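start12.tsv (TSV, C-alpha atoms)
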chain	number	residue	atom	x	y	z
V	1463	MET	CA	305.80	50.23	59.29
V	1464	TYR	CA	302.05	49.66	59.14
V	1465	ASP	CA	301.68	52.11	56.26
V	1466	LYS	CA	304.56	50.54	54.36
V	1467	ILE	CA	303.08	47.09	54.62
V	1468	ILE	CA	299.66	48.32	53.55
V	1469	ALA	CA	301.30	50.01	50.59
V	1470	LEU	CA	302.87	46.70	49.60
V	1471	TYR	CA	299.84	44.59	50.32
V	1472	PRO	CA	296.66	46.70	49.98
V	1473	GLN	CA	294.58	43.57	50.42
V	1474	LEU	CA	295.51	43.30	54.10
V	1475	THR	CA	292.82	44.31	56.55
V	1476	ASP	CA	292.70	45.36	60.18
V	1477	ALA	CA	291.93	41.76	61.04
V	1478	ASP	CA	295.37	40.74	59.85
V	1479	PHE	CA	296.91	43.14	62.36
V	1480	ALA	CA	294.44	42.51	65.13
V	1481	PRO	CA	296.06	42.10	68.53
V	1482	ILE	CA	296.43	38.49	69.57
V	1483	THR	CA	294.32	37.03	66.77
V	1484	GLY	CA	296.06	38.65	63.82
V	1485	THR	CA	298.65	36.83	61.74
V	1486	ILE	CA	300.93	39.84	61.69
V	1487	ILE	CA	302.40	41.45	64.77
V	1488	LEU	CA	304.22	44.73	64.52
V	1489	GLN	CA	306.26	45.73	67.50
V	1490	ASN	CA	308.24	48.62	68.92
V	1491	ASP	CA	310.64	47.96	71.80
V	1492	SER	CA	310.99	51.62	72.73
V	1493	ASP	CA	314.69	51.40	72.07
V	1494	GLY	CA	314.81	54.04	69.38
V	1495	LYS	CA	315.02	51.52	66.57
V	1496	GLY	CA	311.41	51.99	65.51
V	1497	ASP	CA	308.72	49.53	64.48
V	1498	TYR	CA	309.52	46.09	63.14
V	1499	ILE	CA	307.75	42.92	62.19
V	1500	ALA	CA	307.73	40.69	65.24
V	1501	LYS	CA	305.56	37.99	63.70
V	1502	TRP	CA	304.48	37.28	60.16
V	1503	GLU	CA	302.26	34.25	59.79
V	1504	HIS	CA	300.04	35.38	56.95
V	1505	PRO	CA	298.82	32.29	55.11
V	1506	THR	CA	299.38	33.60	51.59
V	1507	LEU	CA	301.42	36.76	51.54
V	1508	PRO	CA	305.19	36.48	52.04
V	1509	ARG	CA	306.96	38.52	54.66
V	1510	PRO	CA	308.22	41.68	52.97
V	1511	THR	CA	311.94	42.13	52.74
V	1512	ASP	CA	313.81	45.11	54.10
V	1513	GLU	CA	314.43	46.18	50.53
V	1514	GLN	CA	310.72	46.14	49.75
V	1515	LEU	CA	309.89	48.10	52.87
V	1516	GLY	CA	312.65	50.61	52.16
V	1517	ALA	CA	311.41	51.11	48.59
V	1518	THR	CA	308.02	52.23	49.81
V	1519	GLU	CA	309.42	55.39	51.40
H	1348	MET	CA	342.70	32.09	152.92
H	1349	ALA	CA	340.32	34.99	153.30
H	1350	TYR	CA	338.79	36.67	150.24
H	1351	ILE	CA	336.95	39.87	149.67
H	1352	GLY	CA	333.70	38.84	148.01
H	1353	ALA	CA	332.97	35.35	146.83
H	1354	SER	CA	335.61	32.72	147.24
H	1355	PRO	CA	337.34	32.00	143.90
H	1356	THR	CA	336.33	28.84	142.16
H	1357	THR	CA	339.17	26.62	141.10
H	1358	SER	CA	339.21	23.85	138.56
H	1359	ALA	CA	341.72	21.37	137.32
H	1360	PHE	CA	343.31	21.55	133.91
H	1361	VAL	CA	343.63	18.38	131.93
H	1362	THR	CA	347.28	17.40	131.59
H	1363	ASP	CA	349.07	14.98	129.28
H	1364	THR	CA	352.46	13.57	130.20
H	1365	PHE	CA	354.95	12.06	127.76
H	1366	ASN	CA	358.34	10.43	127.94
H	1367	GLY	CA	361.08	12.09	125.95
H	1368	ASN	CA	363.77	9.95	124.28
H	1369	GLY	CA	366.02	12.50	122.63
H	1370	SER	CA	364.77	11.75	119.12
H	1371	THR	CA	360.96	11.83	119.03
H	1372	VAL	CA	359.53	15.23	118.18
H	1373	ALA	CA	355.82	14.36	117.69
H	1374	PHE	CA	353.49	13.28	120.48
H	1375	THR	CA	349.81	12.46	120.41
H	1376	MET	CA	347.74	14.43	122.87
H	1377	SER	CA	344.43	13.37	124.37
H	1378	VAL	CA	342.75	16.62	123.34
H	1379	ALA	CA	343.06	18.69	120.18
H	1380	PRO	CA	343.84	22.25	121.28
H	1381	ALA	CA	342.78	25.23	119.22
H	1382	ASN	CA	346.35	26.44	118.78
H	1383	THR	CA	349.74	26.56	120.44
H	1384	THR	CA	348.63	29.13	122.95
H	1385	SER	CA	345.82	26.92	124.15
H	1386	ILE	CA	348.28	24.69	125.98
H	1387	ILE	CA	351.14	25.09	128.42
H	1388	VAL	CA	354.07	22.87	127.59
H	1389	ALA	CA	356.93	22.12	129.93
H	1390	VAL	CA	359.98	19.94	129.33
H	1391	SER	CA	361.88	18.76	132.38
H	1392	GLY	CA	360.08	21.42	134.35
H	1393	VAL	CA	361.05	24.22	131.97
H	1394	LEU	CA	358.19	26.16	130.39
H	1395	GLN	CA	358.39	26.09	126.60
H	1396	ASP	CA	357.67	29.10	124.45
H	1397	PRO	CA	354.80	28.38	121.97
H	1398	SER	CA	357.18	29.19	119.14
H	1399	THR	CA	359.18	26.04	119.93
H	1400	TYR	CA	356.33	23.67	119.06
H	1401	SER	CA	353.29	23.37	116.84
H	1402	VAL	CA	349.95	21.63	117.08
H	1403	SER	CA	347.85	19.98	114.44
H	1404	GLY	CA	344.76	18.20	115.67
H	1405	THR	CA	345.99	16.04	118.54
H	1406	THR	CA	349.61	16.02	117.38
H	1407	LEU	CA	352.14	18.09	119.28
H	1408	THR	CA	355.37	18.58	117.37
H	1409	PHE	CA	358.50	20.07	118.87
H	1410	SER	CA	360.99	21.91	116.74
H	1411	ALA	CA	363.71	19.98	118.57
H	1412	ALA	CA	363.38	16.57	120.21
H	1413	PRO	CA	363.01	16.79	124.00
H	1414	PRO	CA	365.66	14.97	126.02
H	1415	SER	CA	365.17	11.53	127.49
H	1416	GLY	CA	363.19	11.30	130.66
H	1417	THR	CA	360.20	9.58	132.18
H	1418	GLY	CA	357.23	11.86	132.22
H	1419	ASN	CA	359.46	14.83	131.54
H	1420	ILE	CA	357.10	16.37	128.99
H	1421	SER	CA	353.98	18.00	130.39
H	1422	VAL	CA	351.13	19.43	128.33
H	1423	ARG	CA	348.42	21.28	130.21
H	1424	PHE	CA	345.26	22.21	128.36
H	1425	LEU	CA	343.68	25.57	128.89
H	1426	GLY	CA	340.19	26.75	128.12
H	1427	ILE	CA	337.85	24.03	129.30
H	1428	PRO	CA	334.47	25.15	127.92
H	1429	ALA	CA	332.62	27.48	130.20
H	1430	SER	CA	329.24	26.83	128.60
H	1431	GLY	CA	327.29	23.75	129.55
H	1432	VAL	CA	329.36	22.99	132.64
H	1433	THR	CA	326.34	23.05	134.88
H	1434	SER	CA	325.35	19.59	133.76
H	1435	THR	CA	328.79	18.07	133.40
H	1436	ALA	CA	331.24	17.26	136.14
H	1437	TYR	CA	334.74	18.08	135.02
H	1438	ARG	CA	336.32	16.95	138.27
H	1439	THR	CA	334.97	14.18	140.44
H	1440	GLN	CA	336.37	13.38	143.85
H	1441	THR	CA	335.49	10.10	145.54
H	1442	GLU	CA	336.57	8.76	148.93
H	1443	PHE	CA	336.64	5.19	150.13
H	1444	THR	CA	337.34	3.66	153.51
H	1445	ALA	CA	339.14	0.46	152.69
H	1446	THR	CA	338.56	-2.91	154.15
H	1447	ALA	CA	341.52	-5.03	155.09
H	1448	GLY	CA	343.29	-6.27	151.94
H	1449	GLN	CA	340.98	-4.41	149.55
H	1450	THR	CA	342.58	-3.71	146.21
H	1451	THR	CA	339.71	-2.85	143.87
H	1452	PHE	CA	337.69	0.33	144.16
H	1453	SER	CA	334.77	1.21	141.91
H	1454	VAL	CA	334.83	4.86	141.01
H	1455	PRO	CA	332.62	7.04	138.82
H	1456	SER	CA	333.52	6.71	135.18
H	1457	TYR	CA	336.75	8.39	134.23
H	1458	THR	CA	338.79	8.95	131.14
H	1459	VAL	CA	341.75	6.58	131.19
H	1460	GLY	CA	344.83	8.57	132.02
H	1461	PHE	CA	342.90	11.26	133.79
H	1462	ILE	CA	342.61	10.01	137.36
H	1463	ASP	CA	344.70	10.64	140.44
H	1464	VAL	CA	344.70	8.20	143.37
H	1465	TYR	CA	345.58	9.08	146.94
H	1466	ARG	CA	346.14	6.70	149.83
H	1467	ASN	CA	345.86	8.26	153.24
H	1468	GLY	CA	346.52	11.63	151.57
H	1469	VAL	CA	349.59	10.52	149.64
H	1470	LEU	CA	349.45	10.74	145.85
H	1471	LEU	CA	350.24	7.36	144.38
H	1472	GLY	CA	352.59	6.93	141.47
H	1473	SER	CA	351.57	5.22	138.30
H	1474	ALA	CA	353.20	2.00	139.47
H	1475	ASP	CA	351.08	1.92	142.59
H	1476	PHE	CA	347.72	1.39	140.90
H	1477	THR	CA	346.05	0.30	137.70
H	1478	ALA	CA	343.26	2.37	136.17
H	1479	THR	CA	342.72	1.20	132.62
H	1480	ASN	CA	339.03	0.35	132.27
H	1481	GLY	CA	337.36	3.66	133.11
H	1482	THR	CA	335.38	2.26	136.07
H	1483	THR	CA	337.73	0.73	138.65
H	1484	VAL	CA	341.03	1.43	140.31
H	1485	VAL	CA	343.15	-1.51	141.47
H	1486	LEU	CA	345.88	-0.90	144.01
H	1487	THR	CA	349.16	-2.71	143.54
H	1488	ASN	CA	349.54	-3.16	147.28
H	1489	PRO	CA	346.37	-4.11	149.17
H	1490	ALA	CA	344.97	-1.49	151.46
H	1491	SER	CA	344.97	-1.83	155.19
H	1492	LEU	CA	341.79	-1.66	157.22
H	1493	SER	CA	340.35	1.89	157.29
H	1494	ASP	CA	342.87	3.28	154.82
H	1495	LEU	CA	341.45	6.38	153.17
H	1496	VAL	CA	341.58	5.88	149.42
H	1497	GLU	CA	340.65	8.92	147.42
H	1498	THR	CA	340.30	9.26	143.67
H	1499	VAL	CA	340.11	12.45	141.65
H	1500	SER	CA	339.03	11.91	138.07
H	1501	PHE	CA	338.66	14.37	135.24
H	1502	TYR	CA	336.23	14.69	132.40
H	1503	VAL	CA	338.01	15.46	129.17
H	1504	SER	CA	336.47	17.89	126.73
H	1505	SER	CA	337.60	20.11	123.90
H	1506	VAL	CA	336.76	23.70	123.21
H	1507	LEU	CA	336.87	22.92	119.50
H	1508	ASN	CA	333.33	21.62	119.64
H	1509	ALA	CA	331.94	24.65	121.40
H	1510	ILE	CA	329.93	27.28	119.55
H	1511	PRO	CA	331.41	30.76	120.07
H	1512	ALA	CA	329.45	32.73	122.61
H	1513	THR	CA	330.31	36.08	121.00
H	1514	ASN	CA	327.34	37.96	119.58
H	1515	GLY	CA	327.21	37.58	115.82
H	1516	ALA	CA	329.88	34.88	115.78
H	1517	VAL	CA	327.61	31.98	114.86
H	1518	THR	CA	327.33	31.66	111.11
H	1519	SER	CA	324.91	29.71	108.95
H	1520	ALA	CA	327.64	27.09	108.53
H	1521	TYR	CA	326.54	25.70	111.88
H	1522	LEU	CA	323.00	25.09	110.61
H	1523	LEU	CA	321.99	21.99	108.75
H	1524	ASP	CA	320.70	22.84	105.30
H	1525	ALA	CA	316.91	23.23	105.20
H	1526	SER	CA	316.70	22.95	108.99
H	1527	VAL	CA	315.13	26.33	109.74
H	1528	THR	CA	311.39	25.85	110.00
H	1529	GLN	CA	308.59	28.35	109.77
H	1530	ALA	CA	308.01	28.00	113.49
H	1531	LYS	CA	311.52	29.26	114.19
H	1532	LEU	CA	310.78	32.59	112.55
H	1533	ALA	CA	309.60	35.49	114.64
H	1534	ALA	CA	306.25	37.07	113.93
H	1535	GLY	CA	306.54	39.71	111.28
H	1536	VAL	CA	309.65	38.26	109.65
H	1537	ALA	CA	309.42	38.39	105.88
H	1538	GLY	CA	311.76	37.27	103.19
H	1539	ASN	CA	314.30	39.65	101.74
H	1540	GLY	CA	314.07	38.62	98.11
H	1541	PRO	CA	314.01	41.13	95.26
H	1542	ALA	CA	311.15	43.59	95.11
H	1543	PHE	CA	310.59	46.43	92.69
H	1544	SER	CA	308.10	48.98	91.48
H	1545	ALA	CA	308.57	50.98	88.28
H	1546	TYR	CA	306.36	53.16	86.16
H	1547	GLN	CA	306.28	55.08	82.94
H	1548	GLY	CA	307.48	58.58	83.66
H	1549	THR	CA	306.87	59.98	80.20
H	1550	SER	CA	303.93	59.42	77.89
H	1551	GLN	CA	304.57	57.53	74.67
H	1552	THR	CA	302.88	58.10	71.34
H	1553	LEU	CA	301.56	54.86	69.95
H	1554	THR	CA	301.06	53.70	66.41
H	1555	SER	CA	297.82	51.88	65.84
H	1556	GLY	CA	298.28	48.15	65.83
H	1557	ILE	CA	301.90	48.20	66.99
H	1558	TYR	CA	302.90	46.33	70.12
H	1559	THR	CA	304.88	48.95	71.94
H	1560	LYS	CA	306.98	48.35	75.00
H	1561	ILE	CA	306.04	50.56	77.90
H	1562	ALA	CA	309.15	52.50	78.86
H	1563	LEU	CA	309.07	52.01	82.61
H	1564	ASN	CA	311.78	54.56	83.20
H	1565	THR	CA	311.05	55.59	86.77
H	1566	GLU	CA	311.59	53.41	89.80
H	1567	ARG	CA	309.78	53.72	93.07
H	1568	PHE	CA	312.09	51.09	94.54
H	1569	ASP	CA	314.29	48.30	93.30
H	1570	THR	CA	315.72	46.47	96.28
H	1571	ASN	CA	318.07	44.19	94.40
H	1572	ASN	CA	318.87	46.37	91.41
H	1573	ASN	CA	317.11	43.90	89.15
H	1574	PHE	CA	315.03	46.37	87.20
H	1575	ASP	CA	316.49	48.15	84.19
H	1576	SER	CA	314.77	51.50	83.96
H	1577	THR	CA	317.22	53.09	81.53
H	1578	THR	CA	317.71	50.83	78.53
H	1579	ASN	CA	315.43	47.83	78.24
H	1580	TYR	CA	312.78	48.62	80.85
H	1581	ARG	CA	312.73	45.08	82.10
H	1582	PHE	CA	312.84	43.09	85.32
H	1583	THR	CA	315.57	40.46	85.39
H	1584	PRO	CA	315.68	38.96	88.89
H	1585	THR	CA	318.92	37.41	90.03
H	1586	VAL	CA	317.21	35.11	92.51
H	1587	ALA	CA	315.40	32.11	91.08
H	1588	GLY	CA	311.85	31.58	92.22
H	1589	TYR	CA	308.24	32.55	91.87
H	1590	TYR	CA	307.40	36.23	91.57
H	1591	GLN	CA	304.15	38.00	92.18
H	1592	ILE	CA	303.86	40.50	89.31
H	1593	ASN	CA	301.33	43.30	89.11
H	1594	TYR	CA	300.91	45.62	86.16
H	1595	GLU	CA	298.64	48.10	84.50
H	1596	VAL	CA	298.62	49.64	81.04
H	1597	TYR	CA	296.64	52.66	80.00
H	1598	ALA	CA	296.02	54.30	76.64
H	1599	ALA	CA	294.37	57.56	75.72
H	1600	THR	CA	293.13	58.77	72.39
H	1601	THR	CA	291.87	61.94	70.85
H	1602	SER	CA	289.34	59.96	68.90
H	1603	THR	CA	288.49	56.28	69.14
H	1604	ILE	CA	290.11	53.07	70.37
H	1605	THR	CA	288.70	49.95	68.81
H	1606	SER	CA	291.01	47.35	70.31
H	1607	PHE	CA	293.26	47.39	73.31
H	1608	VAL	CA	295.81	44.83	74.57
H	1609	GLY	CA	297.88	44.97	77.71
H	1610	ALA	CA	300.53	42.30	77.66
H	1611	LEU	CA	303.20	40.91	79.93
H	1612	TYR	CA	306.15	39.64	77.95
H	1613	LYS	CA	308.55	37.04	79.26
H	1614	ASN	CA	311.86	36.72	77.49
H	1615	GLY	CA	310.61	38.73	74.56
H	1616	SER	CA	307.46	36.72	73.97
H	1617	LEU	CA	303.86	37.19	74.92
H	1618	TYR	CA	303.30	35.59	78.33
H	1619	GLU	CA	299.95	36.86	79.56
H	1620	TYR	CA	297.64	39.54	78.29
H	1621	GLY	CA	294.26	41.14	78.49
H	1622	VAL	CA	292.15	42.22	75.52
H	1623	ILE	CA	289.41	44.81	75.36
H	1624	THR	CA	287.53	45.31	72.10
H	1625	VAL	CA	284.78	47.53	70.73
H	1626	LEU	CA	285.75	50.56	72.68
H	1627	ASN	CA	285.50	54.26	72.39
H	1628	GLY	CA	287.65	56.40	74.60
H	1629	ASN	CA	290.57	55.89	76.95
H	1630	GLN	CA	291.20	52.38	78.22
H	1631	ALA	CA	293.15	50.62	80.93
H	1632	PHE	CA	293.91	47.05	81.78
H	1633	SER	CA	295.44	45.72	84.98
H	1634	ASN	CA	296.41	42.25	86.02
H	1635	SER	CA	298.49	40.29	88.51
H	1636	THR	CA	300.07	36.94	88.07
H	1637	LEU	CA	302.66	34.56	89.46
H	1638	VAL	CA	305.67	33.98	87.24
H	1639	SER	CA	308.50	31.48	87.58
H	1640	MET	CA	311.87	33.09	86.93
H	1641	ASN	CA	315.19	31.30	86.65
H	1642	GLY	CA	317.17	34.00	88.42
H	1643	SER	CA	319.61	34.55	85.60
H	1644	THR	CA	318.29	35.08	82.06
H	1645	ASP	CA	314.53	35.32	82.45
H	1646	TYR	CA	313.10	38.81	82.17
H	1647	LEU	CA	309.72	40.52	82.11
H	1648	GLU	CA	308.51	43.51	80.10
H	1649	LEU	CA	305.25	45.35	79.64
H	1650	TYR	CA	303.70	45.97	76.22
H	1651	ILE	CA	300.64	47.71	74.91
H	1652	SER	CA	298.90	47.45	71.59
H	1653	VAL	CA	296.11	49.79	70.62
H	1654	THR	CA	294.09	49.97	67.45
H	1655	GLY	CA	292.21	53.13	66.85
H	1656	THR	CA	292.09	56.56	65.35
H	1657	GLY	CA	293.31	59.93	66.39
H	1658	THR	CA	296.43	60.45	68.45
H	1659	LEU	CA	297.04	57.33	70.51
H	1660	THR	CA	299.08	57.66	73.65
H	1661	ALA	CA	300.31	55.40	76.41
H	1662	ALA	CA	299.67	58.13	78.85
H	1663	SER	CA	301.82	58.63	81.89
H	1664	ALA	CA	300.28	59.76	85.14
H	1665	SER	CA	303.28	59.83	87.48
H	1666	GLY	CA	302.98	56.20	88.38
H	1667	ALA	CA	299.24	56.02	88.65
H	1668	THR	CA	299.13	54.32	85.24
H	1669	ASN	CA	301.45	52.16	83.18
H	1670	PHE	CA	303.37	50.50	85.95
H	1671	MET	CA	304.74	47.14	86.94
H	1672	SER	CA	305.69	45.91	90.38
H	1673	GLY	CA	306.62	42.58	91.84
H	1674	CYS	CA	308.45	40.62	94.48
H	1675	LEU	CA	309.75	37.17	95.22
H	1676	VAL	CA	307.19	35.11	97.10
H	1677	ARG	CA	308.96	31.76	97.04
H	1678	THR	CA	312.41	30.67	96.00
H	1679	ALA	CA	312.80	27.99	93.35

Full structure transcribed into structure tokens:
Amino acid sequence: MYDKIIALYPQLTDADFAPITGTIILQNDSDGKGDYIAKWEHPTLPRPTDEQLGATE
Amino acid sequence: MAYIGASPTTSAFVTDTFNGNGSTVAFTMSVAPANTTSIIVAVSGVLQDPSTYSVSGTTLTFSAAPPSGTGNISVRFLGIPASGVTSTAYRTQTEFTATAGQTTFSVPSYTVGFIDVYRNGVLLGSADFTATNGTTVVLTNPASLSDLVETVSFYVSSVLNAIPATNGAVTSAYLLDASVTQAKLAAGVAGNGPAFSAYQGTSQTLTSGIYTKIALNTERFDTNNNFDSTTNYRFTPTVAGYYQINYEVYAATTSTITSFVGALYKNGSLYEYGVITVLNGNQAFSNSTLVSMNGSTDYLELYISVTGTGTLTAASASGATNFMSGCLVRTA
């Protein structure tokens, strides 16, 4: 998930994903469903759609 | 009469007497018996089988109306409470030596209808005296000098108000809500609310920057079956209250960890956490906290987020790392 988002938005930095202080939280609930975007509060970049994320594979 | 051992103790049974009229089937008793077998009923001197009548509270109902007769219906109550009798007189006998023409005698308090009066050893009929105020007996015919007037009065009680003396028979229904105080508890008595301890039994590979739920898939104990160690790895207590929660998260790396977060989630959202930054090797974070839980839908989970390089692992150590435990410390 992290790599897909970086591929879509190369301008994102580690600070955007920083625990607690970052505007983007990626999460995995250990339920076999994999990573997902739990929070997206980036001030300028829109939350990527499932289609966008799928196209990066 | 001679006895082997202690002489038997006798006591009087409270008795109600009614007049039959051939049509009335229901009579009001002075005491509410527990059931039909708690009384002995006789009609015109003939013992009645309990199947021929019923009781409800103080009402005695015959299946067929007893015949007419004065005082021909007798109801004798069985089972005067055995507990507490040491401080209560159930039968009181009083003797008086009358003065010439005396009619009124002050006796210990009695229940109206439950007093017998003897004059010189002869039981008087109901027409021979008046006893309606609970404190005096008035003879219809004045006594002669030195007549021996004797009264026998009875204290009326009901076994319905007695607490069963059988071990284990007293239920919490007899206790007023919120009436048990701390002082009434024995030393060493603790609550029996939910308590659990679970840990990660298998290491999990982490992706840098991803909040990953710790799969607490092994239970040390789970007293109330409130911890899900198979699907969601969460604690969902079924008793509302305040829970002491303890947890630890641990991550290992083959290279470098630059940021580390151990987080307690409540209902899927970050509740409390600890952050460690500018790190190098393996890291751990432990914490304890008090959490209010509603006892139905609230749940707690443990998450870890690590940023770093190399292979990142939430490393299991057979319960020594990545665990959560808790217990109810106070109900809501």

Residues of chain V within 6 Å of chain H, counting all atoms listed in the file, as a PDB file with C-alpha atoms, keeping the file's coordinate frame:
ATOM      1  CA  LEU V1488     304.220  44.730  64.520  1.00  0.00           C
ATOM      2  CA  GLN V1489     306.260  45.730  67.500  1.00  0.00           C
ATOM      3  CA  ASN V1490     308.240  48.620  68.920  1.00  0.00           C
ATOM      4  CA  ASP V1491     310.640  47.960  71.800  1.00  0.00           C
ATOM      5  CA  SER V1492     310.990  51.620  72.730  1.00  0.00           C
TER       6      SER V1492
END

With a distance cut-off of 6 Å and all atoms listed in the file, select the neighbouring residues of H:Val1496, excluding the residue or stretch itself and same-chain residues fewer than 2 positions from it, and output the selection as a PyMOL selection string. chain H and resi 1442-1443+1465-1466

Written selection (C-alpha atoms) as a PDB file, in the coordinates of the input:
ATOM      1  CA  GLU H1442     336.570   8.760 148.930  1.00  0.00           C
ATOM      2  CA  PHE H1443     336.640   5.190 150.130  1.00  0.00           C
ATOM      3  CA  TYR H1465     345.580   9.080 146.940  1.00  0.00           C
ATOM      4  CA  ARG H1466     346.140   6.700 149.830  1.00  0.00           C
TER       5      ARG H1466
END

Near H:Met1640, counting only C-alpha atoms, which residues have an atom at most 12 Å away, once you skip same-chain residues fewer than 3 positions from it, shown as a ChimeraX atom specification? /H:1541,1582-1592,1613-1614,1637,1643-1647,1673-1679

Please identify all polymer residues within 7 Å of stretch 1663-1669 of chain H, counting only C-alpha atoms, omitting same-chain residues fewer than 2 positions from it, and present them as number ranges by chain. H: 1546-1550, 1595-1597, 1661

I'd like the contact shell of stretch 1383-1395 of chain H - 6 Å cut-off, only C-alpha atoms, skipping same-chain residues fewer than 6 positions apart - returned as a PyMOL selection string. chain H and resi 1401-1402+1419-1425

Could you state the separation of atom CA of H:Thr1405 and atom CA of H:Pro1380 in Å, given to one decimal place? 7.1 Å

Would you pick out the contacts of V:Asp1512 at 12 Å or less, using all atoms listed in the file, so that residues sharing its chain but fewer than 3 positions from it are not included, and give the list as a list in words?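 Within the cut-off, the hits are Met1463, Lys1466, Ile1467, Leu1470, Tyr1498, Ile1499, Arg1509, Leu1515, Gly1516, Ala1517, Thr1518 and Glu1519 of chain V.
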
Saved selection, atoms kept: C-alpha atoms, as a tab-separated table (two decimals), in the coordinates of the input:
chain	number	residue	atom	x	y	z
V	1463	MET	CA	305.80	50.23	59.29
V	1466	LYS	CA	304.56	50.54	54.36
V	1467	ILE	CA	303.08	47.09	54.62
V	1470	LEU	CA	302.87	46.70	49.60
V	1498	TYR	CA	309.52	46.09	63.14
V	1499	ILE	CA	307.75	42.92	62.19
V	1509	ARG	CA	306.96	38.52	54.66
V	1515	LEU	CA	309.89	48.10	52.87
V	1516	GLY	CA	312.65	50.61	52.16
V	1517	ALA	CA	311.41	51.11	48.59
V	1518	THR	CA	308.02	52.23	49.81
V	1519	GLU	CA	309.42	55.39	51.40

Proximity to H:Phe1374 - best of H:Gly1538, H:Gly1448, H:Gly1404, H:Gly1515, all atoms listed in the file: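 The closest residue to H:Phe1374 is H:Gly1404.
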
With all atoms listed in the file as the basis for distance, which of H:Thr1498, H:Ser1403, H:Asn1382, H:Thr1477 is at the shortest distance from H:Thr1439? H:Thr1498

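Reported to one decimal place, the separation of atom CA of H:Gly1540 from atom CA of H:Ser1639 is 13.9 Å.
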
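Take atom CA of V:Gln1473 and atom CA of H:Gly1655: the distance between them is 19.2 Å.
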
Starting from the block above, write stretch 1470-1474 of chain V out to a file with all heavy atoms, as a PDB file, in the first residue's frame, please.
ATOM      1  N   LEU V1470       1.913   6.860  -6.808  1.00  0.00           N
ATOM      2  CA  LEU V1470       0.912   7.833  -7.265  1.00  0.00           C
ATOM      3  C   LEU V1470       1.315   9.259  -6.913  1.00  0.00           C
ATOM      4  O   LEU V1470       1.118  10.200  -7.691  1.00  0.00           O
ATOM      5  CB  LEU V1470      -0.454   7.536  -6.625  1.00  0.00           C
ATOM      6  CG  LEU V1470      -1.228   6.340  -7.186  1.00  0.00           C
ATOM      7  CD1 LEU V1470      -2.434   6.045  -6.300  1.00  0.00           C
ATOM      8  CD2 LEU V1470      -1.688   6.642  -8.615  1.00  0.00           C
ATOM      9  N   TYR V1471       1.847   9.409  -5.727  1.00  0.00           N
ATOM     10  CA  TYR V1471       2.205  10.740  -5.255  1.00  0.00           C
ATOM     11  C   TYR V1471       3.680  10.744  -4.811  1.00  0.00           C
ATOM     12  O   TYR V1471       3.989  10.631  -3.606  1.00  0.00           O
ATOM     13  CB  TYR V1471       1.330  11.152  -4.078  1.00  0.00           C
ATOM     14  CG  TYR V1471      -0.148  11.215  -4.387  1.00  0.00           C
ATOM     15  CD1 TYR V1471      -1.057  10.480  -3.657  1.00  0.00           C
ATOM     16  CD2 TYR V1471      -0.634  12.044  -5.411  1.00  0.00           C
ATOM     17  CE1 TYR V1471      -2.412  10.544  -3.914  1.00  0.00           C
ATOM     18  CE2 TYR V1471      -1.995  12.111  -5.692  1.00  0.00           C
ATOM     19  CZ  TYR V1471      -2.878  11.362  -4.942  1.00  0.00           C
ATOM     20  OH  TYR V1471      -4.209  11.443  -5.220  1.00  0.00           O
ATOM     21  N   PRO V1472       4.591  10.857  -5.749  1.00  0.00           N
ATOM     22  CA  PRO V1472       6.029  10.826  -5.397  1.00  0.00           C
ATOM     23  C   PRO V1472       6.439  11.962  -4.474  1.00  0.00           C
ATOM     24  O   PRO V1472       7.487  11.877  -3.812  1.00  0.00           O
ATOM     25  CB  PRO V1472       6.724  10.949  -6.755  1.00  0.00           C
ATOM     26  CG  PRO V1472       5.700  10.543  -7.763  1.00  0.00           C
ATOM     27  CD  PRO V1472       4.387  10.954  -7.192  1.00  0.00           C
ATOM     28  N   GLN V1473       5.613  13.009  -4.424  1.00  0.00           N
ATOM     29  CA  GLN V1473       5.986  14.148  -3.594  1.00  0.00           C
ATOM     30  C   GLN V1473       5.774  13.896  -2.102  1.00  0.00           C
ATOM     31  O   GLN V1473       6.203  14.701  -1.247  1.00  0.00           O
ATOM     32  CB  GLN V1473       5.201  15.409  -4.019  1.00  0.00           C
ATOM     33  CG  GLN V1473       3.699  15.337  -3.858  1.00  0.00           C
ATOM     34  CD  GLN V1473       2.989  14.755  -5.071  1.00  0.00           C
ATOM     35  OE1 GLN V1473       3.404  13.742  -5.626  1.00  0.00           O
ATOM     36  NE2 GLN V1473       1.914  15.422  -5.493  1.00  0.00           N
ATOM     37  N   LEU V1474       5.081  12.818  -1.751  1.00  0.00           N
ATOM     38  CA  LEU V1474       4.891  12.519  -0.328  1.00  0.00           C
ATOM     39  C   LEU V1474       6.215  12.131   0.317  1.00  0.00           C
ATOM     40  O   LEU V1474       7.080  11.520  -0.315  1.00  0.00           O
ATOM     41  CB  LEU V1474       3.883  11.375  -0.155  1.00  0.00           C
ATOM     42  CG  LEU V1474       2.430  11.712  -0.510  1.00  0.00           C
ATOM     43  CD1 LEU V1474       1.563  10.452  -0.452  1.00  0.00           C
ATOM     44  CD2 LEU V1474       1.884  12.788   0.428  1.00  0.00           C
TER      45      LEU V1474
END
